[in-house]
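So this block is final23.cif, mmCIF, C-alpha atoms:
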```
data_query
loop_
_atom_site.label_atom_id
_atom_site.label_comp_id
_atom_site.auth_asym_id
_atom_site.auth_seq_id
_atom_site.Cartn_x
_atom_site.Cartn_y
_atom_site.Cartn_z
CA MET A 233 221.13 284.89 -9.10
CA THR A 234 219.43 288.18 -8.61
CA VAL A 235 215.89 288.77 -9.69
CA ASP A 236 215.08 292.01 -11.42
CA TRP A 237 212.17 292.96 -9.17
CA ILE A 238 211.45 296.18 -10.98
CA GLY A 239 211.17 294.27 -14.24
CA VAL A 240 208.83 291.71 -12.65
CA ALA A 241 206.71 294.50 -11.18
CA ASP A 242 206.54 296.15 -14.60
CA VAL A 243 205.35 292.97 -16.27
CA VAL A 244 202.68 292.42 -13.62
CA ALA A 245 201.68 296.07 -13.95
CA ALA A 246 201.37 295.69 -17.72
CA ILE A 247 199.12 292.63 -17.30
CA CYS A 248 196.96 294.49 -14.76
CA MET A 249 196.71 297.50 -17.05
CA LEU A 250 195.67 295.39 -20.01
CA LEU A 251 193.05 293.47 -18.03
CA GLY A 252 191.71 296.65 -16.48
CA ALA A 253 191.46 298.41 -19.81
CA PHE A 254 189.77 295.37 -21.31
CA LEU A 255 187.16 295.41 -18.55
CA ALA A 256 186.60 299.14 -19.02
CA PHE A 257 186.20 298.48 -22.73
CA ALA A 258 183.66 295.72 -22.02
CA ALA A 259 181.78 298.12 -19.75
CA GLY A 260 181.62 300.67 -22.55
CA ILE A 261 180.36 298.09 -25.03
CA GLY A 262 177.82 296.85 -22.49
CA ILE A 263 176.55 300.38 -21.93
CA VAL A 264 175.78 300.62 -25.62
CA ARG A 265 174.54 297.10 -26.30
CA PHE A 266 172.41 296.19 -23.30
CA PRO A 267 168.72 296.73 -23.89
CA ASP A 268 167.47 298.47 -20.75
CA LEU A 269 168.54 300.72 -17.90
CA LEU A 270 169.06 298.04 -15.29
CA ALA A 271 171.16 295.87 -17.58
CA ARG A 272 173.30 298.87 -18.44
CA MET A 273 173.89 299.49 -14.79
CA HIS A 274 175.31 296.01 -14.45
CA ALA A 275 177.90 296.97 -17.03
CA ALA A 276 178.55 300.22 -15.19
CA THR A 277 179.22 298.59 -11.84
CA LYS A 278 181.00 295.26 -11.97
CA PRO A 279 183.52 295.35 -14.86
CA GLN A 280 184.03 299.04 -14.30
CA VAL A 281 184.97 298.73 -10.64
CA LEU A 282 187.29 295.76 -11.13
CA GLY A 283 188.81 297.39 -14.21
CA LEU A 284 189.61 300.55 -12.29
CA ILE A 285 191.03 298.54 -9.38
CA LEU A 286 193.30 296.60 -11.72
CA MET A 287 194.53 299.77 -13.40
CA LEU A 288 195.25 301.36 -10.04
CA VAL A 289 197.18 298.25 -9.00
CA GLY A 290 199.18 298.75 -12.17
CA VAL A 291 199.90 302.35 -11.20
CA GLY A 292 200.97 301.26 -7.72
CA LEU A 293 203.40 298.76 -9.21
CA ARG A 294 204.90 301.28 -11.60
CA VAL A 295 205.17 304.27 -9.26
CA HIS A 296 207.25 303.27 -6.26
CA VAL A 297 206.13 305.90 -3.77
CA TRP A 298 204.40 305.01 -0.52
CA SER A 299 202.20 308.08 -0.31
CA VAL A 300 200.76 307.17 -3.70
CA VAL A 301 199.87 303.69 -2.47
CA GLY A 302 197.90 305.25 0.38
CA MET A 303 195.89 307.41 -1.99
CA LEU A 304 195.28 304.51 -4.38
CA VAL A 305 193.98 302.37 -1.51
CA LEU A 306 191.67 305.23 -0.65
CA VAL A 307 190.35 305.39 -4.22
CA VAL A 308 189.78 301.61 -4.32
CA VAL A 309 187.94 301.55 -1.00
CA PHE A 310 185.87 304.50 -2.07
CA GLN A 311 184.96 302.84 -5.37
CA LEU A 312 183.97 299.62 -3.64
CA LEU A 313 181.79 301.51 -1.16
CA THR A 314 180.18 303.96 -3.54
CA ALA A 315 179.63 302.02 -6.76
CA PRO A 316 176.87 299.78 -5.32
CA VAL A 317 175.26 302.74 -3.57
CA GLY A 318 175.23 304.83 -6.72
CA ALA A 319 173.91 301.95 -8.79
CA HIS A 320 171.21 301.28 -6.24
CA MET A 321 170.13 304.91 -6.17
CA VAL A 322 169.91 305.07 -9.95
CA GLY A 323 168.15 301.71 -10.20
CA ARG A 324 165.61 302.57 -7.55
CA ALA A 325 164.92 305.93 -9.15
CA GLY A 326 164.45 304.16 -12.48
CA PHE A 327 162.11 301.59 -11.04
CA ARG A 328 160.04 304.12 -9.12
CA THR A 329 159.65 306.51 -12.01
CA GLY A 330 158.70 303.83 -14.48
CA LYS A 331 161.85 303.81 -16.60
CA VAL A 332 161.93 300.03 -16.37
CA VAL A 333 159.83 298.19 -18.93
CA HIS A 334 158.21 295.48 -16.87
CA GLU A 335 157.35 293.33 -19.86
CA ASP A 336 161.04 292.80 -20.58
CA LEU A 337 161.59 291.11 -17.24
CA VAL A 338 161.29 287.34 -17.01
CA VAL A 339 160.41 287.45 -13.32
CA ASP A 340 159.30 290.59 -11.53
CA ASP A 341 158.79 289.99 -7.83
CA LEU A 342 158.90 293.66 -6.90
CA THR A 343 155.98 294.76 -9.04
CA ALA A 344 154.02 291.68 -7.97
CA ASP A 345 154.67 292.46 -4.30
CA GLN A 346 153.83 296.13 -4.74
CA GLU A 347 150.56 295.27 -6.45
CA ALA A 348 149.74 292.75 -3.75
CA ALA A 349 150.48 295.36 -1.10
CA LEU A 350 148.32 297.92 -2.89
CA ALA A 351 145.48 295.43 -3.27
CA GLU A 352 145.72 294.54 0.40
CA GLU A 353 145.68 298.20 1.32
CA ASP A 354 142.63 298.82 -0.83
CA ALA A 355 140.84 295.86 0.73
CA ALA A 356 141.71 297.09 4.19
CA GLU A 357 140.50 300.58 3.34
CA ALA A 358 137.27 299.22 2.00
CA ALA A 359 136.73 297.21 5.16
CA GLU A 360 137.71 299.94 7.60
CA GLU A 361 137.49 303.62 6.83
CA ASP A 362 140.11 304.68 9.39
CA GLU A 363 142.87 302.37 8.26
CA GLY A 364 145.21 305.25 7.39
CA ARG A 365 147.62 305.85 4.56
CA GLU A 366 150.44 303.61 5.75
CA PRO A 367 150.91 300.94 3.09
CA SER A 368 150.78 297.41 4.32
CA SER A 369 154.37 296.28 4.53
CA ASP A 370 153.86 292.54 4.89
CA ALA A 371 153.43 291.68 1.27
CA PRO A 372 152.71 287.99 0.83
CA ARG A 373 155.48 286.17 -0.86
CA MET B 175 206.02 298.27 -22.86
CA THR B 176 204.94 300.93 -25.32
CA VAL B 177 202.82 298.37 -27.17
CA VAL B 178 200.93 297.61 -23.96
CA PHE B 179 200.19 301.26 -23.42
CA VAL B 180 199.04 301.79 -26.98
CA ILE B 181 196.61 298.87 -26.70
CA THR B 182 195.38 300.17 -23.34
CA ILE B 183 194.83 303.66 -24.72
CA ALA B 184 192.90 302.23 -27.67
CA LEU B 185 190.62 300.18 -25.39
CA LEU B 186 189.96 303.14 -23.11
CA THR B 187 189.22 305.40 -26.06
CA VAL B 188 186.63 302.99 -27.41
CA ALA B 189 185.08 302.73 -23.94
CA ALA B 190 184.87 306.51 -23.61
CA GLY B 191 183.37 306.78 -27.09
CA CYS B 192 180.71 304.20 -26.23
CA ALA B 193 179.87 306.05 -23.03
CA ILE B 194 179.49 309.33 -24.91
CA TYR B 195 177.31 307.64 -27.51
CA ARG B 196 175.00 306.29 -24.80
CA ALA B 197 174.95 309.64 -23.04
CA GLU B 198 173.78 311.26 -26.26
CA ARG B 199 171.22 308.60 -27.16
CA GLY B 200 170.13 307.39 -23.72
CA PRO B 201 166.34 307.51 -23.59
CA SER B 202 166.13 308.77 -20.02
CA MET B 203 168.12 311.04 -17.76
CA LEU B 204 169.16 308.04 -15.70
CA ASP B 205 170.70 306.31 -18.72
CA ARG B 206 172.73 309.42 -19.31
CA THR B 207 173.80 309.49 -15.68
CA VAL B 208 175.03 305.92 -15.87
CA ALA B 209 176.84 306.63 -19.12
CA LEU B 210 178.55 309.73 -17.77
CA ASP B 211 179.53 307.78 -14.68
CA VAL B 212 181.25 305.25 -16.92
CA PHE B 213 182.86 308.10 -18.83
CA THR B 214 184.26 309.63 -15.66
CA THR B 215 185.64 306.30 -14.52
CA THR B 216 187.25 305.82 -17.93
CA ILE B 217 188.92 309.21 -17.60
CA VAL B 218 190.17 308.22 -14.15
CA GLY B 219 191.60 305.11 -15.82
CA ALA B 220 193.27 307.25 -18.48
CA ILE B 221 194.88 309.51 -15.90
CA ALA B 222 196.05 306.42 -14.02
CA LEU B 223 197.52 305.14 -17.29
CA GLU B 224 199.46 308.35 -17.79
CA ALA B 225 200.81 308.15 -14.24
CA ALA B 226 201.86 304.54 -14.80
CA TYR B 227 203.50 305.33 -18.13
CA SER B 228 205.57 308.27 -16.95
CA ARG B 229 206.11 306.91 -13.40
CA ARG B 230 205.12 310.29 -12.05
CA ALA B 231 202.89 310.67 -9.01
CA THR B 232 201.77 314.23 -9.54
CA THR B 233 198.39 313.38 -11.05
CA ILE B 234 197.28 310.88 -8.40
CA PRO B 235 195.31 313.42 -6.29
CA ILE B 236 193.17 314.09 -9.37
CA LEU B 237 192.13 310.44 -9.29
CA VAL B 238 190.96 310.73 -5.69
CA VAL B 239 188.93 313.85 -6.35
CA MET B 240 187.37 312.59 -9.59
CA SER B 241 186.28 309.25 -8.16
CA MET B 242 184.52 311.10 -5.33
CA VAL B 243 182.92 313.72 -7.55
CA ALA B 244 181.54 311.07 -9.92
CA PHE B 245 179.69 309.39 -7.08
CA VAL B 246 178.23 312.62 -5.73
CA GLY B 247 177.08 313.57 -9.21
CA SER B 248 175.27 310.35 -10.02
CA VAL B 249 173.59 310.21 -6.62
CA THR B 250 172.44 313.79 -6.98
CA VAL B 251 170.84 313.12 -10.35
CA ALA B 252 169.24 309.94 -9.01
CA ARG B 253 167.74 311.83 -6.07
CA PHE B 254 166.53 314.52 -8.42
CA ALA B 255 164.97 311.98 -10.76
CA ALA B 256 163.28 310.13 -7.91
CA ALA B 257 161.87 313.30 -6.40
CA GLU B 258 158.58 312.94 -8.24
CA ARG B 259 156.00 311.12 -6.20
CA GLU B 260 156.11 307.39 -6.40
CA GLU B 261 152.57 306.72 -7.54
CA GLU B 262 152.66 309.48 -10.15
CA GLY B 263 155.88 308.19 -11.63
CA LEU B 264 154.64 304.64 -11.89
CA ILE B 265 151.50 305.54 -13.79
CA GLU B 266 152.39 308.58 -15.88
CA LEU B 267 155.38 307.44 -17.85
CA PRO B 268 155.95 309.33 -21.07
CA PRO B 269 155.77 307.06 -24.11
CA PRO B 270 159.22 306.37 -25.54
CA VAL B 271 158.06 307.48 -28.97
CA ASP B 272 158.15 311.12 -27.83
CA ASP B 273 161.91 311.11 -27.86
CA ARG B 274 162.04 310.22 -31.52
CA THR B 275 159.42 312.72 -32.62
CA GLU B 276 161.22 315.49 -30.77
CA GLU B 277 164.40 314.60 -32.56
CA ALA B 278 162.59 314.60 -35.88
CA GLU B 279 161.12 318.01 -35.19
CA ARG B 280 164.46 319.56 -34.36
CA MET C 97 158.51 305.66 10.05
CA SER C 98 158.83 303.97 13.37
CA LEU C 99 162.29 302.69 12.45
CA HIS C 100 163.75 306.16 12.25
CA VAL C 101 163.88 306.83 15.95
CA ARG C 102 165.89 310.01 16.24
CA ARG C 103 166.87 310.09 19.86
CA ARG C 104 168.68 313.31 20.60
CA THR C 105 172.18 312.49 21.75
CA THR C 106 174.45 314.88 23.57
CA TRP C 107 177.90 315.45 22.17
CA ARG C 108 179.45 313.67 25.15
CA GLU C 109 177.54 310.51 24.29
CA ARG C 110 178.59 310.79 20.68
CA LEU C 111 182.21 311.12 21.70
CA ARG C 112 181.96 308.08 23.94
CA HIS C 113 180.32 305.84 21.34
CA GLN C 114 181.83 307.05 18.09
CA TRP C 115 185.50 307.54 18.92
CA SER C 116 186.38 304.88 16.34
CA ALA C 117 184.80 307.04 13.63
CA ILE C 118 187.21 309.83 14.60
CA LEU C 119 190.15 307.45 14.19
CA TRP C 120 188.91 306.33 10.76
CA LEU C 121 188.46 309.91 9.60
CA ALA C 122 191.95 310.79 10.81
CA LEU C 123 193.33 307.80 8.89
CA VAL C 124 191.57 308.94 5.72
CA TRP C 125 192.96 312.43 6.22
CA VAL C 126 196.51 311.11 6.61
CA LEU C 127 196.13 308.93 3.52
CA LEU C 128 194.87 311.90 1.55
CA TRP C 129 197.91 313.95 2.47
CA GLY C 130 200.14 311.01 1.82
CA SER C 131 202.61 311.35 4.66
CA VAL C 132 202.51 310.59 8.36
CA THR C 133 203.54 313.73 10.17
CA TRP C 134 202.42 315.07 13.53
CA GLY C 135 200.67 317.96 11.82
CA ASN C 136 198.67 315.65 9.58
CA VAL C 137 197.68 313.29 12.40
CA LEU C 138 196.62 316.11 14.69
CA ALA C 139 194.70 317.93 11.96
CA GLY C 140 192.97 314.66 11.03
CA LEU C 141 191.98 313.99 14.63
CA LEU C 142 190.69 317.54 15.01
CA LEU C 143 188.64 317.34 11.82
CA GLY C 144 187.27 313.92 12.77
CA LEU C 145 186.26 315.33 16.15
CA LEU C 146 184.49 318.23 14.47
CA VAL C 147 182.67 315.94 12.03
CA VAL C 148 181.47 313.59 14.76
CA VAL C 149 180.40 316.36 17.13
CA LEU C 150 178.83 318.75 14.64
CA LEU C 151 177.31 316.34 12.09
CA PRO C 152 175.66 313.62 14.15
CA LEU C 153 174.50 310.38 12.55
CA PRO C 154 171.95 308.06 14.09
CA GLN C 155 173.59 305.22 15.92
CA LEU C 156 173.35 301.73 14.51
CA PRO C 157 172.58 299.09 17.07
CA PHE C 158 175.36 296.54 16.67
CA HIS C 159 175.34 293.62 19.06
CA GLY C 160 177.52 291.16 17.21
CA HIS C 161 181.16 290.46 17.50
CA VAL C 162 183.69 290.28 14.72
CA ARG C 163 185.29 286.94 13.91
CA PRO C 164 188.53 287.76 12.09
CA LEU C 165 188.90 284.43 10.29
CA ARG C 166 185.34 284.46 9.01
CA LEU C 167 185.77 288.07 7.95
CA LEU C 168 188.90 287.14 6.03
CA ALA C 169 187.01 284.29 4.38
CA LEU C 170 184.25 286.74 3.45
CA PHE C 171 186.76 289.11 1.84
CA VAL C 172 188.64 286.41 -0.05
CA ARG C 173 185.41 284.96 -1.38
CA PHE C 174 184.26 288.46 -2.27
CA GLY C 175 187.42 289.10 -4.27
CA LEU C 176 187.07 285.86 -6.20
CA ASP C 177 183.39 286.52 -6.86
CA LEU C 178 184.16 290.06 -8.03
CA PHE C 179 186.57 288.65 -10.60
CA LEU C 180 184.08 286.04 -11.79
CA ALA C 181 181.15 288.44 -11.93
CA SER C 182 183.13 291.08 -13.81
CA PHE C 183 184.27 288.71 -16.49
CA GLN C 184 180.77 287.22 -16.78
CA VAL C 185 179.27 290.65 -17.38
CA ALA C 186 182.09 291.47 -19.79
CA TRP C 187 181.33 288.28 -21.71
CA GLN C 188 177.63 289.12 -21.75
CA ALA C 189 178.46 292.51 -23.19
CA LEU C 190 180.82 291.28 -25.88
CA ARG C 191 179.05 288.08 -26.90
CA PRO C 192 177.45 288.44 -30.29
CA GLY C 193 173.82 287.59 -30.80
CA ARG C 194 171.43 286.99 -27.95
CA GLN C 195 170.42 289.86 -25.71
CA PRO C 196 170.16 289.02 -22.02
CA ARG C 197 166.71 288.92 -20.47
CA GLY C 198 166.74 290.27 -16.95
CA ALA C 199 164.56 289.64 -13.94
CA VAL C 200 163.81 291.21 -10.58
CA VAL C 201 163.90 288.64 -7.81
CA GLY C 202 162.84 289.21 -4.22
CA VAL C 203 164.80 287.56 -1.43
CA ARG C 204 163.80 287.61 2.21
CA LEU C 205 166.87 287.81 4.43
CA ARG C 206 167.07 285.95 7.70
CA ASN C 207 168.11 288.90 9.83
CA PRO C 208 166.65 292.25 8.78
CA SER C 209 168.68 294.42 11.15
CA ASP C 210 170.15 297.50 9.49
CA ILE C 211 173.81 296.71 9.57
CA TYR C 212 173.65 293.19 8.13
CA LEU C 213 171.08 294.28 5.57
CA THR C 214 173.39 297.06 4.44
CA VAL C 215 176.48 294.89 4.21
CA THR C 216 174.65 292.14 2.36
CA ALA C 217 173.05 294.57 -0.06
CA GLU C 218 176.34 296.30 -0.72
CA LEU C 219 178.22 293.08 -1.37
CA SER C 220 175.48 291.47 -3.44
CA SER C 221 175.35 294.55 -5.67
CA LEU C 222 178.91 293.88 -6.69
CA VAL C 223 179.08 290.16 -6.58
CA PRO C 224 176.73 287.49 -7.78
CA GLY C 225 175.65 288.96 -11.08
CA SER C 226 172.96 290.99 -9.40
CA LEU C 227 172.10 294.54 -8.47
CA VAL C 228 169.93 295.76 -5.63
CA VAL C 229 166.93 297.66 -6.96
CA GLU C 230 164.86 298.10 -3.84
CA VAL C 231 165.23 297.32 -0.16
CA HIS C 232 162.39 296.90 2.27
CA ARG C 233 163.72 297.50 5.74
CA LEU C 234 160.69 296.40 7.71
CA THR C 235 160.51 292.94 6.24
CA GLY C 236 164.15 292.54 5.29
CA MET C 237 163.27 292.00 1.64
CA LEU C 238 165.95 292.61 -0.94
CA TYR C 239 164.90 293.04 -4.56
CA LEU C 240 167.72 292.19 -6.93
CA HIS C 241 167.96 292.65 -10.64
CA VAL C 242 169.68 289.77 -12.40
CA LEU C 243 171.25 290.47 -15.76
CA ASP C 244 170.48 287.17 -17.43
CA LEU C 245 168.24 284.90 -15.43
CA GLU C 246 168.51 281.96 -17.78
CA ALA C 247 172.30 281.97 -17.82
CA TYR C 248 172.34 282.45 -14.07
CA GLY C 249 170.35 279.30 -13.43
CA GLY C 250 166.91 280.40 -12.35
CA VAL C 251 165.22 282.22 -9.50
CA ASP C 252 166.05 279.60 -6.89
CA LYS C 253 169.76 279.85 -7.60
CA VAL C 254 169.63 283.63 -7.11
CA ARG C 255 167.87 283.23 -3.78
CA ALA C 256 170.27 280.51 -2.64
CA ASP C 257 173.32 282.59 -3.58
CA VAL C 258 172.12 285.70 -1.78
CA LEU C 259 171.21 283.69 1.31
CA ALA C 260 174.65 282.06 1.24
CA LEU C 261 176.23 285.51 1.03
CA GLU C 262 174.13 286.65 3.96
CA ALA C 263 175.20 283.56 5.88
CA ARG C 264 178.84 284.49 5.30
CA VAL C 265 178.18 288.05 6.48
CA LEU C 266 176.34 286.85 9.59
CA ARG C 267 179.06 284.35 10.41
CA ALA C 268 181.66 287.09 10.18
CA LEU C 269 179.81 289.76 12.14
CA ALA C 270 176.76 288.54 14.06
CA SER C 271 176.58 287.44 17.65
CA ASP C 272 175.95 283.85 18.67
CA ALA C 273 172.35 284.57 19.61
CA GLU C 274 171.67 286.15 16.22
CA LEU C 275 173.27 283.20 14.47
CA GLU C 276 171.06 280.90 16.49
CA ALA C 277 167.98 282.90 15.55
CA ALA C 278 168.95 282.80 11.89
CA GLY C 279 169.34 279.04 12.04
CA LEU C 280 173.07 279.23 11.43
CA ALA C 281 174.32 277.98 14.79
CA THR C 282 177.72 276.40 14.55
CA ARG C 283 176.74 273.39 12.55
CA ARG C 284 179.55 272.34 10.26
CA GLY C 285 177.47 270.91 7.46
CA VAL C 286 176.03 274.22 6.25
CA PRO C 287 177.82 275.55 3.17
CA ALA C 288 179.65 278.64 4.34
#
```
Written as structure tokens, that's how I'd like the structure from this file.
Amino acid sequence: MTVDWIGVADVVAAICMLLGAFLAFAAGIGIVRFPDLLARMHAATKPQVLGLILMLVGVGLRVHVWSVVGMLVLVVVFQLLTAPVGAHMVGRAGFRTGKVVHEDLVVDDLTADQEAALAEEDAAEAAEEDEGREPSSDAPR
Amino acid sequence: MTVVFVITIALLTVAAGCAIYRAERGPSMLDRTVALDVFTTTIVGAIALEAAYSRRATTIPILVVMSMVAFVGSVTVARFAAAEREEEGLIELPPPVDDRTEEAER
Amino acid sequence: MSLHVRRRTTWRERLRHQWSAILWLALVWVLLWGSVTWGNVLAGLLLGLLVVVLLPLPQLPFHGHVRPLRLLALFVRFGLDLFLASFQVAWQALRPGRQPRGAVVGVRLRNPSDIYLTVTAELSSLVPGSLVVEVHRLTGMLYLHVLDLEAYGGVDKVRADVLALEARVLRALASDAELEAAGLATRRGVPA
């Protein structure tokens, strides 16, 4: 009995496409529904990346050309490398420029540590005039 | 197979619409960046869908270029937004009400 | 910053230490063109050479050695986690009613050297329902934003998960001495 491999590949590709599009859809909904910048970035990284990967797998299964597979692998690797970096850059910029509403956070270690570091720096400056501008890095946990 | 593609197109269209909505509303520049990033990735998905539907490989290089350009764009905006000094940004945040009043005035 | 020691390297040194970067760049070039021909390989090698010689990057001190099996385990676990995390976030987005309440949690990593810090931050941005907001290189602190702290299971669970991820990274890449220093010497009982 021969198996229709192209048919099997098409079915798997269809499943991948549907899942990927569903995840992209969820990312879009999350972008609209989530309340603040950082939560929206969650939607923009995780479902988005996996959704794109699944759709590209679908393309690879439908288009049977080796050079295409190479390019798709490149896109996937690039997405996996760059999505966290981009999200981190945006999140850090948001946190540093005060786009994050601190009252909405249940726990906020970063602000607490920054304030502790600032307080320590102020105390050190008060004690010694020539302490310098370097912020104390060893924030107490 | 056509049913699958119709469903996929519908899902992607809704996702792109949501991203555009957030890019228009988004209170800050960073929200808009994130939304446009999602929009670009959705377009990449749509181009991939077309390639998968027609079994043609001619549009694949567009995917490579767009996925790279999206990253460079969002990082650039993030750098630009973070360029203001740290201590200034943390203290002097514009009240979110301003956005609404500006819209009302327009 | 004292960490940014920019020692000036000659191009000979760069060639000696970063020849693998040239190979990677050539591979990317060949993949971009989509076919393995002599012209593509040679052009890729030439471009990689130019990039490494003309655009120097600071060298990362890497003293570990790669354990292939552990690395494979790291990747497999990463793939599974990526699936789980994606569908969790998708469910959060689509679920009617309650809005998630986020949190920013600080985690102190065991080994704050650049390369492990980078890998751990990169992976944890994608995987355990978290997102790196800020990194403190000197102390090895990672500040992660969690989408829904209550659903995740509390601050301690976040810390435990990130430390477990770091343990997997260290087991895959770090040297024996670094594992020893991190308290991860080859005991079997530690959850990997």
If the PyMOL selection byres ((chain B) within 7 of (chain A)) is run on the structure shown, which residues does it catch, given as a PyMOL selection string?
chain B and resi 178+182+185-186+188-190+192-193+196+204-205+208-209+212+216+219+222+225-226+229-231+234+238+241+245+248-249+252+255-256+260+263-264+267
File of the preceding selection, C-alpha atoms, as a PDB file, in the frame of the given file:
```
ATOM      1  CA  VAL B 178     200.930 297.610 -23.960  1.00  0.00           C
ATOM      2  CA  THR B 182     195.380 300.170 -23.340  1.00  0.00           C
ATOM      3  CA  LEU B 185     190.620 300.180 -25.390  1.00  0.00           C
ATOM      4  CA  LEU B 186     189.960 303.140 -23.110  1.00  0.00           C
ATOM      5  CA  VAL B 188     186.630 302.990 -27.410  1.00  0.00           C
ATOM      6  CA  ALA B 189     185.080 302.730 -23.940  1.00  0.00           C
ATOM      7  CA  ALA B 190     184.870 306.510 -23.610  1.00  0.00           C
ATOM      8  CA  CYS B 192     180.710 304.200 -26.230  1.00  0.00           C
ATOM      9  CA  ALA B 193     179.870 306.050 -23.030  1.00  0.00           C
ATOM     10  CA  ARG B 196     175.000 306.290 -24.800  1.00  0.00           C
ATOM     11  CA  LEU B 204     169.160 308.040 -15.700  1.00  0.00           C
ATOM     12  CA  ASP B 205     170.700 306.310 -18.720  1.00  0.00           C
ATOM     13  CA  VAL B 208     175.030 305.920 -15.870  1.00  0.00           C
ATOM     14  CA  ALA B 209     176.840 306.630 -19.120  1.00  0.00           C
ATOM     15  CA  VAL B 212     181.250 305.250 -16.920  1.00  0.00           C
ATOM     16  CA  THR B 216     187.250 305.820 -17.930  1.00  0.00           C
ATOM     17  CA  GLY B 219     191.600 305.110 -15.820  1.00  0.00           C
ATOM     18  CA  ALA B 222     196.050 306.420 -14.020  1.00  0.00           C
ATOM     19  CA  ALA B 225     200.810 308.150 -14.240  1.00  0.00           C
ATOM     20  CA  ALA B 226     201.860 304.540 -14.800  1.00  0.00           C
ATOM     21  CA  ARG B 229     206.110 306.910 -13.400  1.00  0.00           C
ATOM     22  CA  ARG B 230     205.120 310.290 -12.050  1.00  0.00           C
ATOM     23  CA  ALA B 231     202.890 310.670  -9.010  1.00  0.00           C
ATOM     24  CA  ILE B 234     197.280 310.880  -8.400  1.00  0.00           C
ATOM     25  CA  VAL B 238     190.960 310.730  -5.690  1.00  0.00           C
ATOM     26  CA  SER B 241     186.280 309.250  -8.160  1.00  0.00           C
ATOM     27  CA  PHE B 245     179.690 309.390  -7.080  1.00  0.00           C
ATOM     28  CA  SER B 248     175.270 310.350 -10.020  1.00  0.00           C
ATOM     29  CA  VAL B 249     173.590 310.210  -6.620  1.00  0.00           C
ATOM     30  CA  ALA B 252     169.240 309.940  -9.010  1.00  0.00           C
ATOM     31  CA  ALA B 255     164.970 311.980 -10.760  1.00  0.00           C
ATOM     32  CA  ALA B 256     163.280 310.130  -7.910  1.00  0.00           C
ATOM     33  CA  GLU B 260     156.110 307.390  -6.400  1.00  0.00           C
ATOM     34  CA  GLY B 263     155.880 308.190 -11.630  1.00  0.00           C
ATOM     35  CA  LEU B 264     154.640 304.640 -11.890  1.00  0.00           C
ATOM     36  CA  LEU B 267     155.380 307.440 -17.850  1.00  0.00           C
TER      37      LEU B 267
END
```
Please tell me which residues are no farther than 12 Å from (169.1, 282.8, -19.6) in the file, counting all atoms listed in the file, and write them as a short mmCIF file (atom, residue, chain, number, x, y, z; two decimals) with C-alpha atoms, in the coordinates of the input.
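File out.cif, as written:
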```
data_model
loop_
_atom_site.label_atom_id
_atom_site.label_comp_id
_atom_site.auth_asym_id
_atom_site.auth_seq_id
_atom_site.Cartn_x
_atom_site.Cartn_y
_atom_site.Cartn_z
CA LEU A 337 161.59 291.11 -17.24
CA VAL A 338 161.29 287.34 -17.01
CA VAL A 339 160.41 287.45 -13.32
CA GLN C 188 177.63 289.12 -21.75
CA ARG C 194 171.43 286.99 -27.95
CA GLN C 195 170.42 289.86 -25.71
CA PRO C 196 170.16 289.02 -22.02
CA ARG C 197 166.71 288.92 -20.47
CA GLY C 198 166.74 290.27 -16.95
CA ALA C 199 164.56 289.64 -13.94
CA VAL C 242 169.68 289.77 -12.40
CA LEU C 243 171.25 290.47 -15.76
CA ASP C 244 170.48 287.17 -17.43
CA LEU C 245 168.24 284.90 -15.43
CA GLU C 246 168.51 281.96 -17.78
CA ALA C 247 172.30 281.97 -17.82
CA TYR C 248 172.34 282.45 -14.07
CA GLY C 249 170.35 279.30 -13.43
CA GLY C 250 166.91 280.40 -12.35
CA VAL C 251 165.22 282.22 -9.50
#
```
For a test of reading the model, state the distance in Å between atom CA of C:Gly130 and atom CA of B:Pro235, rounded to one decimal.
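We find that atom CA of C:Gly130 and atom CA of B:Pro235 lie 9.7 Å from each other.
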Using the chain letters and numbers from the file, which residues does the PyMOL selection byres ((chain C) within 12 of (chain B)) grab, as an MDAnalysis selection string?
chainID C and resid 124 127:130
Dump as a PDB file, keeping the file's coordinate frame, selection limited to C-alpha atoms:
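Result file is out24.pdb:
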```pdb
ATOM      1  CA  VAL C 124     191.570 308.940   5.720  1.00  0.00           C
ATOM      2  CA  LEU C 127     196.130 308.930   3.520  1.00  0.00           C
ATOM      3  CA  LEU C 128     194.870 311.900   1.550  1.00  0.00           C
ATOM      4  CA  TRP C 129     197.910 313.950   2.470  1.00  0.00           C
ATOM      5  CA  GLY C 130     200.140 311.010   1.820  1.00  0.00           C
TER       6      GLY C 130
END
```
Just checking: using only C-alpha atoms, which residue out of A:Val240, A:Ala349, A:Ala359, A:Ala271 ends up closest to chain C?
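Using only C-alpha atoms, chain C sits closest to A:Ala271.
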Residues in the PyMOL selection byres ((chain C) within 7 of (chain A)), expressed as an MDAnalysis selection string:
chainID C and resid 127:128 130:131 181:183 185:186 189:190 197:202 218 221:222 227:230 235 239 243
Around the point (182.6, 316.2, 14.7) in the file's coordinates, collect all residues with an atom within 12 Å, using only C-alpha atoms, and return them as a list in words.
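Here the neighbourhood of the point contains Trp107, Arg108, Arg110, Leu111, Gln114, Trp115, Ala117, Ile118, Leu119, Leu121, Ala122, Gly140, Leu141, Leu142, Leu143, Gly144, Leu145, Leu146, Val147, Val148, Val149, Leu150, Leu151, Pro152 and Leu153 of chain C.
The interatomic distance for the pair atom CA of C:Glu274 and atom CA of C:Phe174 works out to 22.5 Å.
The list of residues with at least one atom within 8 Å of C:Val265, based on all atoms listed in the file and without residues fewer than 2 positions apart in the same chain, reads C:Leu167, C:Leu170, C:Tyr212, C:Val215, C:Thr216, C:Leu261, C:Glu262, C:Ala263, C:Arg267, C:Ala268, C:Leu269, C:Ala270.
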